[in-house]
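Report on the structure given below.
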Amino acid sequence: MQISLDNTSDVAILSRILEPDKPTLSPQAARAILALDFGPADKECMRQLSAKARAGTLRPHEQDAIDNYERVGHVINIMQSKARRSLKGRRGTNGKAKTH
């Protein structure tokens, strides 16, 4: 597979590594990943940065911070997508865990 330079962002590269469409995580790992979230201090920081962005008053270092939060959010979303698929892949058609 040839990769174009349009697909070389850090998130695009990590997505190819993590392969979110492949349900390969153990149930324990999947549940741990689904529990990942930003803490209260980070959420408050994001709210403040978002308000400044809407007002058009962001400084360059604050724009960098928003960009970092956005990239981390994308990575968490990719990981959680894989986690959901991994848990779903272990369920039967009636929603109950498969038994082997």
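Ligands are numbered from 1 in the order shown, residues from 1 within each chain, and chains are lettered A, B, ... in the order they appear in the structure tokens.
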Discussion item. At a cut-off of 12 Å, using only C-alpha atoms, what residues contact range 34-50 of chain A? Leave out same-chain residues fewer than 5 positions from it and give the result as a PyMOL selection string.
Written reply: chain A and resi 25+27-29+55-70+72-87
So that I have them on file, write out the residues from the current selection with N, CA, C and O atoms, as a compact mmCIF listing (two decimals), in the first residue's frame.
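See part_23.txt below for the written result:
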# COMPACT_ATOMS: atom_id res chain seq x y z
N LEU A 25 -8.55 -6.46 20.95
CA LEU A 25 -8.28 -6.20 22.37
C LEU A 25 -9.00 -7.20 23.28
O LEU A 25 -10.12 -7.63 22.98
N PRO A 27 -11.18 -8.19 26.57
CA PRO A 27 -12.26 -7.44 27.21
C PRO A 27 -11.75 -6.50 28.30
O PRO A 27 -12.24 -5.37 28.42
N GLN A 28 -10.77 -6.94 29.07
CA GLN A 28 -10.23 -6.10 30.14
C GLN A 28 -9.56 -4.85 29.57
O GLN A 28 -9.77 -3.74 30.06
N ALA A 29 -8.76 -5.02 28.52
CA ALA A 29 -8.09 -3.88 27.90
C ALA A 29 -9.12 -2.94 27.28
O ALA A 29 -9.01 -1.72 27.41
N ALA A 55 -14.04 33.86 20.84
CA ALA A 55 -13.91 35.32 20.94
C ALA A 55 -12.80 35.87 20.04
O ALA A 55 -12.66 37.08 19.88
N GLY A 56 -11.99 34.96 19.48
CA GLY A 56 -10.91 35.39 18.62
C GLY A 56 -9.73 35.98 19.36
O GLY A 56 -8.99 36.80 18.82
N THR A 57 -9.53 35.56 20.61
CA THR A 57 -8.46 36.15 21.44
C THR A 57 -7.37 35.16 21.82
O THR A 57 -6.61 35.41 22.76
N LEU A 58 -7.27 34.05 21.09
CA LEU A 58 -6.24 33.05 21.40
C LEU A 58 -4.85 33.57 21.05
O LEU A 58 -4.65 34.16 19.99
N ARG A 59 -3.91 33.31 21.93
CA ARG A 59 -2.50 33.59 21.63
C ARG A 59 -1.92 32.34 20.96
O ARG A 59 -2.49 31.26 21.06
N PRO A 60 -0.77 32.49 20.30
CA PRO A 60 -0.18 31.32 19.60
C PRO A 60 0.03 30.10 20.50
O PRO A 60 -0.27 28.98 20.09
N HIS A 61 0.50 30.30 21.72
CA HIS A 61 0.73 29.14 22.60
C HIS A 61 -0.59 28.50 23.02
O HIS A 61 -0.65 27.30 23.26
N GLU A 62 -1.65 29.29 23.07
CA GLU A 62 -2.96 28.73 23.40
C GLU A 62 -3.52 27.94 22.22
O GLU A 62 -4.16 26.91 22.41
N GLN A 63 -3.25 28.40 21.00
CA GLN A 63 -3.65 27.64 19.82
C GLN A 63 -2.91 26.31 19.78
O GLN A 63 -3.49 25.28 19.45
N ASP A 64 -1.64 26.33 20.15
CA ASP A 64 -0.87 25.08 20.24
C ASP A 64 -1.52 24.12 21.24
O ASP A 64 -1.62 22.92 20.99
N ALA A 65 -1.96 24.67 22.38
CA ALA A 65 -2.60 23.84 23.41
C ALA A 65 -3.89 23.22 22.88
O ALA A 65 -4.15 22.03 23.07
N ILE A 66 -4.71 24.03 22.19
CA ILE A 66 -5.95 23.51 21.61
C ILE A 66 -5.63 22.40 20.60
O ILE A 66 -6.29 21.36 20.58
N ASP A 67 -4.63 22.64 19.77
CA ASP A 67 -4.25 21.62 18.78
C ASP A 67 -3.82 20.33 19.47
O ASP A 67 -4.17 19.23 19.01
N ASN A 68 -3.08 20.44 20.56
CA ASN A 68 -2.64 19.25 21.31
C ASN A 68 -3.83 18.50 21.90
O ASN A 68 -3.90 17.27 21.81
N TYR A 69 -4.75 19.24 22.53
CA TYR A 69 -5.94 18.59 23.09
C TYR A 69 -6.74 17.90 21.98
O TYR A 69 -7.25 16.79 22.17
N GLU A 70 -6.85 18.54 20.83
CA GLU A 70 -7.60 17.94 19.73
C GLU A 70 -6.94 16.65 19.26
O GLU A 70 -7.62 15.65 19.04
N VAL A 72 -4.92 14.64 20.95
CA VAL A 72 -5.08 13.62 21.98
C VAL A 72 -6.51 13.08 21.97
O VAL A 72 -6.73 11.88 22.08
N GLY A 73 -7.49 13.96 21.79
CA GLY A 73 -8.88 13.53 21.70
C GLY A 73 -9.10 12.57 20.54
O GLY A 73 -9.81 11.57 20.67
N HIS A 74 -8.48 12.87 19.40
CA HIS A 74 -8.59 11.97 18.24
C HIS A 74 -7.98 10.60 18.55
O HIS A 74 -8.55 9.57 18.19
N VAL A 75 -6.83 10.60 19.20
CA VAL A 75 -6.18 9.33 19.54
C VAL A 75 -7.07 8.51 20.48
O VAL A 75 -7.26 7.31 20.28
N ILE A 76 -7.63 9.17 21.48
CA ILE A 76 -8.53 8.48 22.42
C ILE A 76 -9.73 7.93 21.66
O ILE A 76 -10.15 6.79 21.88
N ASN A 77 -10.29 8.72 20.74
CA ASN A 77 -11.44 8.25 19.95
C ASN A 77 -11.09 7.03 19.12
O ASN A 77 -11.88 6.09 19.03
N ILE A 78 -9.91 7.03 18.51
CA ILE A 78 -9.47 5.87 17.72
C ILE A 78 -9.35 4.64 18.61
O ILE A 78 -9.83 3.56 18.28
N MET A 79 -8.71 4.81 19.77
CA MET A 79 -8.54 3.69 20.69
C MET A 79 -9.88 3.18 21.19
O MET A 79 -10.11 1.97 21.29
N GLN A 80 -10.80 4.10 21.52
CA GLN A 80 -12.10 3.68 22.03
C GLN A 80 -12.95 3.02 20.95
O GLN A 80 -13.73 2.12 21.25
N SER A 81 -12.77 3.42 19.71
CA SER A 81 -13.46 2.74 18.61
C SER A 81 -13.02 1.29 18.54
O SER A 81 -13.84 0.37 18.41
N LYS A 82 -11.71 1.08 18.63
CA LYS A 82 -11.18 -0.28 18.62
C LYS A 82 -11.71 -1.06 19.83
O LYS A 82 -12.08 -2.23 19.72
N ALA A 83 -11.77 -0.42 20.98
CA ALA A 83 -12.26 -1.08 22.19
C ALA A 83 -13.72 -1.50 22.04
O ALA A 83 -14.09 -2.62 22.38
N ARG A 84 -14.55 -0.60 21.49
CA ARG A 84 -15.97 -0.95 21.29
C ARG A 84 -16.11 -2.12 20.32
O ARG A 84 -16.89 -3.04 20.55
N ARG A 85 -15.35 -2.09 19.23
CA ARG A 85 -15.40 -3.19 18.26
C ARG A 85 -14.93 -4.49 18.90
O ARG A 85 -15.46 -5.56 18.61
N SER A 86 -13.92 -4.40 19.74
CA SER A 86 -13.40 -5.61 20.39
C SER A 86 -14.44 -6.21 21.31
O SER A 86 -14.62 -7.43 21.34
N LEU A 87 -15.15 -5.38 22.06
CA LEU A 87 -16.19 -5.90 22.95
C LEU A 87 -17.38 -6.41 22.14
O LEU A 87 -17.94 -7.45 22.46
Discussion item. Please extract the residues of range 32-92 of chain A with a backbone DSSP assignment of helix (DSSP H, G or I) and present them as a ChimeraX atom specification.
Written reply: /A:32-34,40-55,60-88
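Among the candidates A:Lys52, A:Ser26, A:Arg31, A:Glu19, the one nearest to Arg90 in chain A when counting only C-alpha atoms is A:Ser26.
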Fill in: Separation of CA of Gly89 in chain A from CA of Asn7 in chain A in Å
28.0 Å
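What separates CA of Leu5 in chain A from CA of Ile17 in chain A is a distance of 16.4 Å.
The two atoms in question, CA of Ile33 in chain A and CA of Ala12 in chain A, are spaced 19.1 Å apart.
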